[in-house]
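> Following this line is work02.csv, made up of CSV, C-alpha atoms:
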```csv
chain,number,residue,atom,x,y,z
V,1,MET,CA,0.0,0.0,0.0
V,2,GLU,CA,2.9,2.4,0.8
V,3,VAL,CA,4.5,1.7,-2.6
V,4,LYS,CA,1.2,2.4,-4.4
V,5,GLY,CA,0.8,5.6,-2.3
V,6,LYS,CA,4.3,6.8,-3.2
V,7,MET,CA,3.7,6.0,-6.9
V,8,TRP,CA,0.5,8.0,-6.8
V,9,GLU,CA,2.3,11.0,-5.3
V,10,THR,CA,5.4,10.9,-7.4
V,11,VAL,CA,5.2,8.9,-10.6
V,12,VAL,CA,1.6,9.7,-11.6
V,13,PRO,CA,1.9,13.6,-11.3
V,14,PHE,CA,5.3,13.5,-13.1
V,15,THR,CA,3.9,11.4,-15.9
V,16,MET,CA,0.7,13.5,-16.2
V,17,MET,CA,2.6,16.8,-16.4
V,18,VAL,CA,5.1,15.5,-19.0
V,19,LEU,CA,2.1,14.3,-21.1
V,20,MET,CA,0.4,17.7,-20.7
V,21,GLU,CA,3.4,19.5,-22.1
V,22,GLY,CA,3.5,16.9,-25.0
V,23,CYS,CA,-0.2,17.4,-25.8
V,24,THR,CA,0.2,21.2,-25.7
V,25,ILE,CA,3.1,21.1,-28.2
V,26,ALA,CA,1.2,18.6,-30.4
V,27,LEU,CA,-1.8,21.0,-30.5
V,28,THR,CA,0.5,23.9,-31.2
V,29,ILE,CA,2.0,22.1,-34.2
V,30,THR,CA,-1.4,21.1,-35.4
V,31,ALA,CA,-2.6,24.7,-35.1
V,32,ASN,CA,0.4,25.8,-37.1
V,33,SER,CA,-0.3,23.3,-39.7
V,34,ALA,CA,-3.9,24.5,-39.9
V,35,MET,CA,-2.7,28.0,-40.3
V,36,GLN,CA,-0.5,27.0,-43.2
V,37,LEU,CA,-3.5,25.5,-44.8
V,38,GLY,CA,-5.3,28.8,-44.6
V,39,MET,CA,-6.8,29.0,-41.1
V,40,ASN,CA,-6.8,32.6,-39.8
V,41,GLN,CA,-5.2,32.9,-36.4
V,42,PHE,CA,-7.8,35.5,-35.3
V,43,VAL,CA,-10.7,33.3,-36.3
V,44,PHE,CA,-9.0,30.4,-34.4
V,45,VAL,CA,-8.6,32.4,-31.2
V,46,ALA,CA,-12.2,33.8,-31.3
V,47,TYR,CA,-13.9,30.4,-32.0
V,48,SER,CA,-11.8,28.4,-29.5
V,49,ASN,CA,-12.5,30.8,-26.7
V,50,ALA,CA,-16.2,30.9,-27.6
V,51,LEU,CA,-16.4,27.1,-27.4
V,52,SER,CA,-14.5,27.3,-24.1
V,53,SER,CA,-17.1,29.7,-22.8
V,54,VAL,CA,-19.9,27.4,-23.9
V,55,ILE,CA,-18.3,24.5,-21.9
V,56,LEU,CA,-17.4,26.5,-18.8
V,57,LEU,CA,-20.6,28.5,-18.3
V,58,PRO,CA,-23.1,25.6,-17.6
V,59,TYR,CA,-20.4,23.9,-15.5
V,60,SER,CA,-20.0,26.9,-13.3
V,61,LEU,CA,-23.7,27.5,-13.1
V,62,ILE,CA,-24.3,23.9,-11.9
V,63,PHE,CA,-21.4,23.3,-9.6
V,64,HIS,CA,-20.7,26.9,-8.4
V,65,ARG,CA,-24.1,28.5,-8.4
V,66,GLN,CA,-23.9,29.3,-4.7
V,67,ARG,CA,-21.2,32.0,-5.3
V,68,VAL,CA,-22.4,33.3,-8.7
V,69,LYS,CA,-24.1,36.3,-7.1
V,70,GLU,CA,-20.8,37.4,-5.5
V,71,ILE,CA,-19.2,38.1,-8.9
V,72,PHE,CA,-21.5,41.0,-9.7
V,73,SER,CA,-19.4,43.7,-8.0
V,74,PHE,CA,-17.6,46.5,-9.8
V,75,ARG,CA,-14.2,45.5,-8.5
V,76,LEU,CA,-14.5,41.9,-9.5
V,77,LEU,CA,-16.0,42.7,-12.9
V,78,THR,CA,-13.2,45.1,-13.6
V,79,LYS,CA,-10.6,42.5,-12.7
V,80,PHE,CA,-12.4,39.9,-15.0
V,81,PHE,CA,-12.3,42.5,-17.8
V,82,PHE,CA,-8.6,43.1,-17.5
V,83,LEU,CA,-7.9,39.3,-17.1
V,84,GLY,CA,-9.8,38.9,-20.4
V,85,VAL,CA,-7.8,41.6,-22.1
V,86,THR,CA,-4.4,40.4,-21.0
V,87,GLY,CA,-5.0,36.6,-20.8
V,88,VAL,CA,-7.1,36.1,-23.9
V,89,THR,CA,-7.4,39.1,-26.3
V,90,LEU,CA,-3.8,40.3,-26.2
V,91,SER,CA,-1.7,37.3,-25.2
V,92,GLN,CA,-3.5,34.7,-27.4
V,93,ASN,CA,-3.8,36.8,-30.5
V,94,LEU,CA,-0.2,37.8,-30.3
V,95,ALA,CA,0.9,34.2,-29.5
V,96,PHE,CA,-0.8,32.6,-32.5
V,97,THR,CA,0.2,35.4,-34.9
V,98,GLY,CA,3.8,34.9,-33.6
V,99,LEU,CA,3.4,31.1,-34.2
V,100,ARG,CA,2.3,31.8,-37.8
V,101,TYR,CA,5.6,33.7,-38.4
V,102,SER,CA,7.9,31.3,-36.5
V,103,SER,CA,7.7,27.7,-35.2
V,104,PRO,CA,6.7,25.8,-32.1
V,105,ILE,CA,10.2,25.7,-30.7
V,106,VAL,CA,10.2,29.5,-30.8
V,107,VAL,CA,6.9,29.4,-28.9
V,108,CYS,CA,8.7,27.3,-26.2
V,109,GLY,CA,11.7,29.5,-26.0
V,110,MET,CA,9.7,32.8,-25.7
V,111,GLY,CA,7.3,31.2,-23.2
V,112,LEU,CA,10.3,30.5,-20.9
V,113,LEU,CA,10.6,34.3,-20.4
V,114,LEU,CA,7.5,34.2,-18.1
V,115,PRO,CA,9.2,34.1,-14.7
V,116,SER,CA,11.8,36.7,-15.8
V,117,PHE,CA,9.0,39.1,-16.8
V,118,GLN,CA,7.2,38.4,-13.5
V,119,PHE,CA,10.4,39.2,-11.6
V,120,ILE,CA,10.8,42.5,-13.5
V,121,LEU,CA,7.2,43.4,-13.0
V,122,ALA,CA,7.5,42.6,-9.3
V,123,LEU,CA,10.5,45.0,-9.0
V,124,VAL,CA,8.6,47.7,-11.0
V,125,PHE,CA,5.5,47.5,-8.8
V,126,GLY,CA,7.3,47.2,-5.6
V,127,LYS,CA,6.2,43.6,-4.9
V,128,THR,CA,9.9,42.5,-4.6
V,129,LYS,CA,12.6,44.7,-3.0
V,130,LEU,CA,16.0,44.9,-4.8
V,131,ASP,CA,18.1,43.8,-1.9
V,132,TRP,CA,21.6,43.3,-3.2
V,133,ARG,CA,22.5,41.4,0.0
V,134,SER,CA,20.0,38.7,-0.7
V,135,PRO,CA,21.3,35.6,-2.6
V,136,SER,CA,17.9,34.9,-4.1
V,137,ILE,CA,17.9,38.4,-5.8
V,138,HIS,CA,21.3,37.6,-7.3
V,139,ILE,CA,20.1,34.2,-8.6
V,140,ARG,CA,16.9,35.7,-10.1
V,141,ILE,CA,18.9,38.5,-11.8
V,142,VAL,CA,21.3,36.0,-13.3
V,143,GLY,CA,18.4,33.8,-14.4
V,144,THR,CA,16.6,36.7,-16.0
V,145,LEU,CA,19.7,37.7,-18.0
V,146,VAL,CA,20.3,34.2,-19.1
V,147,SER,CA,16.6,33.8,-20.2
V,148,ILE,CA,16.8,37.1,-22.2
V,149,LEU,CA,20.0,36.0,-23.8
V,150,GLY,CA,18.4,32.7,-24.9
V,151,ALA,CA,15.3,34.5,-26.3
V,152,VAL,CA,17.6,36.9,-28.3
V,153,ILE,CA,19.4,34.0,-29.8
V,154,VAL,CA,16.1,32.4,-30.7
V,155,ALA,CA,15.0,35.6,-32.4
V,156,ILE,CA,18.1,36.6,-34.3
V,157,TYR,CA,19.8,33.4,-35.1
V,158,LYS,CA,17.8,30.6,-36.7
V,159,GLY,CA,20.8,28.7,-38.1
V,160,PRO,CA,20.8,25.7,-40.5
V,161,SER,CA,18.4,22.8,-40.3
V,162,ILE,CA,19.5,20.0,-38.0
V,163,ILE,CA,18.4,17.4,-40.5
V,164,GLN,CA,17.1,17.8,-44.1
V,165,THR,CA,14.3,15.3,-43.9
V,166,SER,CA,12.1,13.9,-41.2
V,167,LEU,CA,13.1,10.6,-39.5
V,168,PHE,CA,9.9,8.7,-40.1
V,169,HIS,CA,7.7,10.4,-42.7
V,170,PRO,CA,9.7,12.5,-45.2
V,171,GLN,CA,6.6,12.7,-47.4
V,172,ILE,CA,5.0,15.1,-44.9
V,173,VAL,CA,7.8,17.6,-45.5
V,174,GLN,CA,7.4,17.2,-49.2
V,175,GLY,CA,3.7,18.1,-48.9
V,176,LYS,CA,2.2,14.7,-50.0
V,177,LEU,CA,0.0,14.6,-46.9
V,178,PRO,CA,-2.2,17.7,-47.1
V,179,LEU,CA,-3.5,17.5,-43.6
V,180,MET,CA,-0.2,17.7,-41.9
V,181,ILE,CA,2.1,20.4,-43.4
V,182,PHE,CA,4.6,22.4,-41.5
V,183,ILE,CA,6.5,25.4,-42.8
V,184,SER,CA,8.8,27.3,-40.4
V,185,ALA,CA,11.0,29.0,-42.9
V,186,SER,CA,9.2,32.3,-42.5
V,187,GLU,CA,10.8,35.6,-43.6
V,188,HIS,CA,9.1,37.2,-40.6
V,189,TRP,CA,11.0,35.1,-38.0
V,190,VAL,CA,12.2,38.0,-35.9
V,191,LEU,CA,8.7,39.6,-35.9
V,192,GLY,CA,7.2,36.3,-34.8
V,193,SER,CA,9.7,36.0,-32.0
V,194,ILE,CA,8.9,39.6,-30.8
V,195,LEU,CA,5.2,38.9,-30.9
V,196,LEU,CA,5.6,35.8,-28.8
V,197,ALA,CA,7.7,37.7,-26.3
V,198,CYS,CA,5.0,40.3,-26.1
V,199,ALA,CA,2.4,37.6,-25.5
V,200,THR,CA,4.5,36.2,-22.6
V,201,PHE,CA,4.8,39.7,-21.2
V,202,PHE,CA,1.0,40.1,-21.1
V,203,LEU,CA,0.7,36.7,-19.5
V,204,ALA,CA,3.0,37.9,-16.7
V,205,ILE,CA,0.6,40.9,-16.2
V,206,TRP,CA,-2.3,38.5,-16.3
V,207,GLY,CA,-0.7,36.4,-13.6
V,208,PHE,CA,-0.4,39.5,-11.3
V,209,ILE,CA,-4.1,40.4,-11.8
V,210,GLN,CA,-5.2,36.8,-11.3
V,211,VAL,CA,-3.3,36.5,-7.9
V,212,ALA,CA,-5.1,39.7,-6.7
V,213,THR,CA,-8.4,38.4,-7.9
V,214,ILE,CA,-8.0,35.0,-6.2
V,215,ARG,CA,-7.2,36.8,-2.9
V,216,ARG,CA,-10.5,38.7,-3.1
V,217,PHE,CA,-12.6,35.8,-4.6
V,218,PRO,CA,-11.0,32.4,-4.1
V,219,ASP,CA,-13.2,30.4,-6.5
V,220,ILE,CA,-10.8,29.6,-9.4
V,221,MET,CA,-13.3,28.0,-11.7
V,222,LEU,CA,-15.7,30.9,-11.6
V,223,ILE,CA,-12.8,33.3,-12.2
V,224,VAL,CA,-11.7,31.3,-15.2
V,225,THR,CA,-15.3,31.2,-16.5
V,226,CYS,CA,-15.8,34.9,-16.1
V,227,TYR,CA,-12.5,36.1,-17.7
V,228,ILE,CA,-12.9,33.6,-20.6
V,229,ILE,CA,-16.4,35.0,-21.3
V,230,PHE,CA,-15.1,38.6,-21.1
V,231,GLY,CA,-12.1,37.6,-23.3
V,232,THR,CA,-14.4,36.0,-25.8
V,233,PHE,CA,-16.4,39.1,-26.4
V,234,GLN,CA,-13.3,41.3,-26.5
V,235,THR,CA,-11.4,39.1,-28.9
V,236,ALA,CA,-14.5,38.7,-31.1
V,237,VAL,CA,-14.7,42.5,-31.5
V,238,ALA,CA,-11.0,42.9,-32.0
V,239,ASP,CA,-10.7,39.9,-34.4
V,240,ILE,CA,-13.6,41.0,-36.5
V,241,ILE,CA,-11.9,44.3,-37.0
V,242,ALA,CA,-8.6,42.5,-37.8
V,243,GLU,CA,-10.2,40.0,-40.2
V,244,ARG,CA,-13.1,41.6,-42.1
V,245,ASP,CA,-13.3,38.9,-44.7
V,246,LEU,CA,-16.5,37.0,-43.8
V,247,SER,CA,-15.5,34.0,-45.8
V,248,ALA,CA,-12.6,33.4,-43.3
V,249,TRP,CA,-15.2,33.0,-40.5
V,250,LYS,CA,-16.9,30.1,-42.2
V,251,LEU,CA,-15.9,26.7,-40.7
V,252,GLU,CA,-15.8,23.4,-42.6
V,253,MET,CA,-15.3,19.8,-41.5
V,254,ASN,CA,-11.6,19.8,-41.8
V,255,LEU,CA,-8.4,20.3,-39.7
V,256,GLU,CA,-9.4,23.9,-38.8
V,257,LEU,CA,-12.6,22.7,-37.0
V,258,ALA,CA,-10.8,19.8,-35.3
V,259,VAL,CA,-8.0,22.0,-33.9
V,260,ILE,CA,-10.5,24.5,-32.6
V,261,VAL,CA,-12.6,21.8,-30.8
V,262,LEU,CA,-9.5,20.0,-29.4
V,263,THR,CA,-7.9,23.3,-28.2
V,264,ALA,CA,-11.1,24.3,-26.4
V,265,ILE,CA,-11.6,20.9,-24.7
V,266,PHE,CA,-8.0,20.3,-23.8
V,267,GLY,CA,-7.4,23.8,-22.5
V,268,THR,CA,-10.7,24.1,-20.6
V,269,VAL,CA,-11.3,20.6,-19.3
V,270,VAL,CA,-8.2,18.4,-19.4
V,271,ARG,CA,-5.1,20.7,-18.8
V,272,SER,CA,-6.8,22.9,-16.1
V,273,ARG,CA,-8.0,19.8,-14.2
V,274,VAL,CA,-4.6,18.0,-14.4
V,275,GLN,CA,-2.6,21.1,-13.4
V,276,GLY,CA,-5.0,21.9,-10.6
V,277,TRP,CA,-4.8,18.3,-9.2
V,278,CYS,CA,-0.9,18.3,-9.4
V,279,MET,CA,-0.8,21.8,-7.8
V,280,SER,CA,-3.0,20.7,-4.9
V,281,LEU,CA,-0.8,17.6,-4.5
V,282,LYS,CA,2.7,19.0,-5.0
V,283,GLY,CA,2.4,22.8,-5.0
V,284,ALA,CA,2.5,25.6,-7.7
V,285,MET,CA,6.2,25.4,-8.1
V,286,TYR,CA,5.9,21.7,-9.2
V,287,VAL,CA,3.7,22.6,-12.1
V,288,SER,CA,6.0,25.4,-13.3
V,289,MET,CA,9.0,23.0,-13.4
V,290,PHE,CA,7.6,21.2,-16.4
V,291,LYS,CA,7.4,24.1,-18.8
V,292,PRO,CA,10.9,23.5,-20.4
V,293,PHE,CA,9.8,19.9,-21.2
V,294,GLY,CA,8.0,21.5,-24.1
V,295,ILE,CA,11.4,22.0,-25.8
V,296,LEU,CA,12.1,18.3,-25.7
V,297,TRP,CA,8.6,17.5,-27.1
V,298,ALA,CA,9.0,20.1,-29.8
V,299,CYS,CA,12.4,18.7,-30.9
V,300,ALA,CA,11.2,15.1,-30.8
V,301,ILE,CA,8.0,15.8,-32.8
V,302,THR,CA,9.7,18.1,-35.3
V,303,LEU,CA,12.6,15.8,-35.9
V,304,SER,CA,10.2,12.9,-36.4
V,305,LEU,CA,7.8,14.5,-38.7
V,306,PHE,CA,9.2,17.8,-40.0
V,307,GLY,CA,12.9,17.4,-40.1
V,308,ASN,CA,13.9,20.5,-42.0
V,309,SER,CA,11.9,22.8,-39.8
V,310,LEU,CA,14.2,22.4,-36.7
V,311,HIS,CA,17.2,24.7,-36.7
V,312,TYR,CA,20.3,24.8,-34.5
V,313,GLY,CA,19.8,28.4,-33.4
V,314,SER,CA,16.3,27.8,-32.2
V,315,VAL,CA,17.3,24.7,-30.1
V,316,ILE,CA,20.4,26.4,-28.7
V,317,GLY,CA,18.5,29.6,-27.8
V,318,ALA,CA,15.5,27.7,-26.3
V,319,SER,CA,17.9,25.6,-24.2
V,320,ILE,CA,19.7,28.6,-22.8
V,321,ALA,CA,16.3,30.2,-22.1
V,322,GLY,CA,15.4,27.0,-20.3
V,323,MET,CA,18.5,27.2,-18.1
V,324,GLY,CA,17.5,30.8,-17.2
V,325,TYR,CA,14.0,29.7,-16.5
V,326,TYR,CA,15.1,27.1,-13.9
V,327,THR,CA,17.6,29.6,-12.4
V,328,VAL,CA,14.8,32.1,-11.8
V,329,LEU,CA,12.6,29.4,-10.2
V,330,TRP,CA,15.6,28.4,-8.0
V,331,GLY,CA,15.8,32.1,-6.9
V,332,VAL,CA,12.1,32.1,-6.1
V,333,ASN,CA,12.4,29.0,-4.1
V,334,ARG,CA,15.5,30.4,-2.3
V,335,GLU,CA,13.5,33.6,-1.5
V,336,GLU,CA,10.8,31.5,0.2
V,337,VAL,CA,13.5,29.7,2.3
V,338,GLU,CA,15.0,33.1,3.3
V,339,LYS,CA,11.5,34.3,4.4
V,340,LYS,CA,10.9,31.3,6.5
V,341,HIS,CA,14.4,31.6,8.0
V,342,SER,CA,13.9,35.3,8.8
V,343,LYS,CA,10.5,34.6,10.4
V,344,SER,CA,11.9,31.8,12.6
V,345,SER,CA,14.8,34.0,13.7
V,346,GLU,CA,12.4,36.8,14.6
V,347,SER,CA,10.3,34.4,16.7
V,348,LEU,CA,13.5,33.3,18.5
V,349,ASP,CA,14.5,36.9,19.1
V,350,SER,CA,11.1,37.8,20.5
V,351,SER,CA,11.2,34.7,22.9
V,352,ASP,CA,14.7,35.7,24.0
V,353,THR,CA,13.5,39.2,24.9
V,354,LYS,CA,10.7,37.8,27.0
V,355,THR,CA,12.9,35.4,28.9
V,356,PRO,CA,14.7,37.9,31.2
V,357,LEU,CA,11.3,39.5,32.1
V,358,LEU,CA,10.0,36.2,33.2
V,359,GLN,CA,13.2,35.5,35.2
V,360,GLU,CA,12.8,38.9,36.9
V,361,ALA,CA,9.2,38.1,37.8
V,362,ASP,CA,10.3,34.8,39.3
V,363,ASN,CA,13.1,36.4,41.4
V,364,GLN,CA,10.7,39.0,42.7
V,365,VAL,CA,8.3,36.3,43.8
```
The structure given in the file should be rewritten as structure tokens.


Amino acid sequence: MEVKGKMWETVVPFTMMVLMEGCTIALTITANSAMQLGMNQFVFVAYSNALSSVILLPYSLIFHRQRVKEIFSFRLLTKFFFLGVTGVTLSQNLAFTGLRYSSPIVVCGMGLLLPSFQFILALVFGKTKLDWRSPSIHIRIVGTLVSILGAVIVAIYKGPSIIQTSLFHPQIVQGKLPLMIFISASEHWVLGSILLACATFFLAIWGFIQVATIRRFPDIMLIVTCYIIFGTFQTAVADIIAERDLSAWKLEMNLELAVIVLTAIFGTVVRSRVQGWCMSLKGAMYVSMFKPFGILWACAITLSLFGNSLHYGSVIGASIAGMGYYTVLWGVNREEVEKKHSKSSESLDSSDTKTPLLQEADNQV
């Protein structure tokens, strides 16, 4: 029984999180393939979030109906509005436009800037003090610089292809299978990288707003439902302005429809549930640790199916960004240890100051 319990607490969460990153990369590659076949990225973002709203709304009304009335306050609605702006309208539209102009490995590399951007924003807004005596600050600064270096390499140096054909299905690269094409040799590579970095920056802002929202209203599923609905309406207006060709909004029974449905179901139901379960079991830091595994998945899938789309510069830059990512997380963990140590030392000091007073009282008695 103890062995099964240990496996449930260690092997199962690890396996699930690795698989979640693999599924995310597979959906990213499928979305890129659909865009190369003609799917508009703005249409994709609008429809996938609309479907997510359709899934989440009845779920929240059924299982969280006791707290629905609490969301109708000006402060909460304002937070939901800005969560939709940063987490859906800006970040997703920028991310998928950047994906169109780059490749999934670049998506991974730029996504690893997230803790660095969060650290910079924490310094700007005064959430973190720049204490040069603190080792955790030194570690996070080094990690931020390494992550930025890796992102710059991804953006400006693509390099030659690692292999010229895929390992298993070279006909895919040659375009003989029309449902699975993948073209990463974009002439707007740098622009795509910049757009992906901007998307990650807005996700960092979204994270700050979400933390403040959870402190005020700790029902995560209702928060997700509300900001997805807000984001759906916002992105629908923005995307209709960006894509005015009505024919682009007509869906057919093809890869485009499949990737919209899969993205909505996976992002809304599967990934959020698995990550929430792992977070409750192992903590938030545990879930964050698996983000760089996307690089391994992207390399494996790309080499297997789309050999000539994987470049040395992208892999090197993303790997450096991954090292910076883990360094920043190490600094965050070190900061938590320092806070616990300072609290324990303060409690010891307070007990020491009380002891002489007690002794004096005993002597007087």

> Using all atoms listed in the file for the distances, tell me which of V:Gln118, V:Ser91, V:Gln210, V:Thr225 is nearest to Cys198 (chain V).

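Closest to Cys198 (chain V) of all the choices is V:Ser91.
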
> So the first atom is CA of Trp206 (chain V) and the second is CA of Phe117 (chain V); what is the distance between them in Å, to one decimal place?

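Result for CA of Trp206 (chain V) versus CA of Phe117 (chain V): 11.3 Å, one decimal.
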
> From the list V:Glu252, V:Val224, V:Met289, V:Leu246, which residue is nearest Tyr59 (chain V) when using all atoms listed in the file?

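Closest residue, counting all atoms listed in the file: V:Val224.
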
> Could you list, as a PyMOL selection string, every residue within 9 Å of Leu121 (chain V), counting all atoms listed in the file and ignoring same-chain residues fewer than 6 positions away?

chain V and resi 127-128+204-205+208

> Please determine, counting all atoms listed in the file, which residue among V:Ser319, V:Thr30, V:Thr89, V:Asn49 has the shortest atom-to-atom distance to Gly267 (chain V).

V:Asn49

> Hey, which of V:Leu99, V:Ile153, V:Leu130, V:Leu222 ends up closest to Leu191 (chain V)? Count only C-alpha atoms.

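Answer, going by the shortest atom-to-atom distance: V:Leu99.
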
> Please list as JSON, numbers by chain every residue within 10 Å of Thr327 (chain V), counting all atoms listed in the file and excluding residues in the same chain fewer than 5 positions away.

{"V": [115, 116, 136, 139, 140, 141, 142, 143, 144, 146, 147, 321, 322, 332, 333]}

> For Leu310 (chain V), find every residue with an atom within 7 Å (counting only C-alpha atoms), except residues of its own chain fewer than 6 positions away, and show them as a list of chain:residue names.

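Counting only C-alpha atoms, the residues come to V:Ser161, V:Ile162, V:Thr302, V:Leu303.
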
> Calculate how many Å separate CA of Gly192 (chain V) from CA of Leu113 (chain V), rounding to one decimal.

14.9 Å

> Residues within 9 Å of Ser134 (chain V), please, as a list in words. Count only C-alpha atoms; anything in the same chain fewer than 3 positions from it doesn't count.

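The filter keeps Leu130, Asp131, Ile137, His138, Glu335 and Glu338 of chain V.
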
> As a PyMOL selection string, please: the residues near Lys250 (chain V) (cut-off 12 Å, all atoms listed in the file, same-chain neighbours under 3 positions excluded).

chain V and resi 38-40+43-44+47+245-247+253-254+256-257

> Calculate how many Å separate CA of Arg75 (chain V) from CA of Ile220 (chain V), rounding to one decimal.

16.3 Å

> Choose the residue, out of V:Ile71, V:Ile62, V:Ala199, V:Val18, that has the smallest atom-to-atom separation from Asp219 (chain V); count only C-alpha atoms.

V:Ile71

> Using only C-alpha atoms, can you list as an NGL selection string the residues within 7 Å of (2.3, 25.9, -36.2)?

:V and (28-33 or 35 or 99-100 or 103-104 or 182)
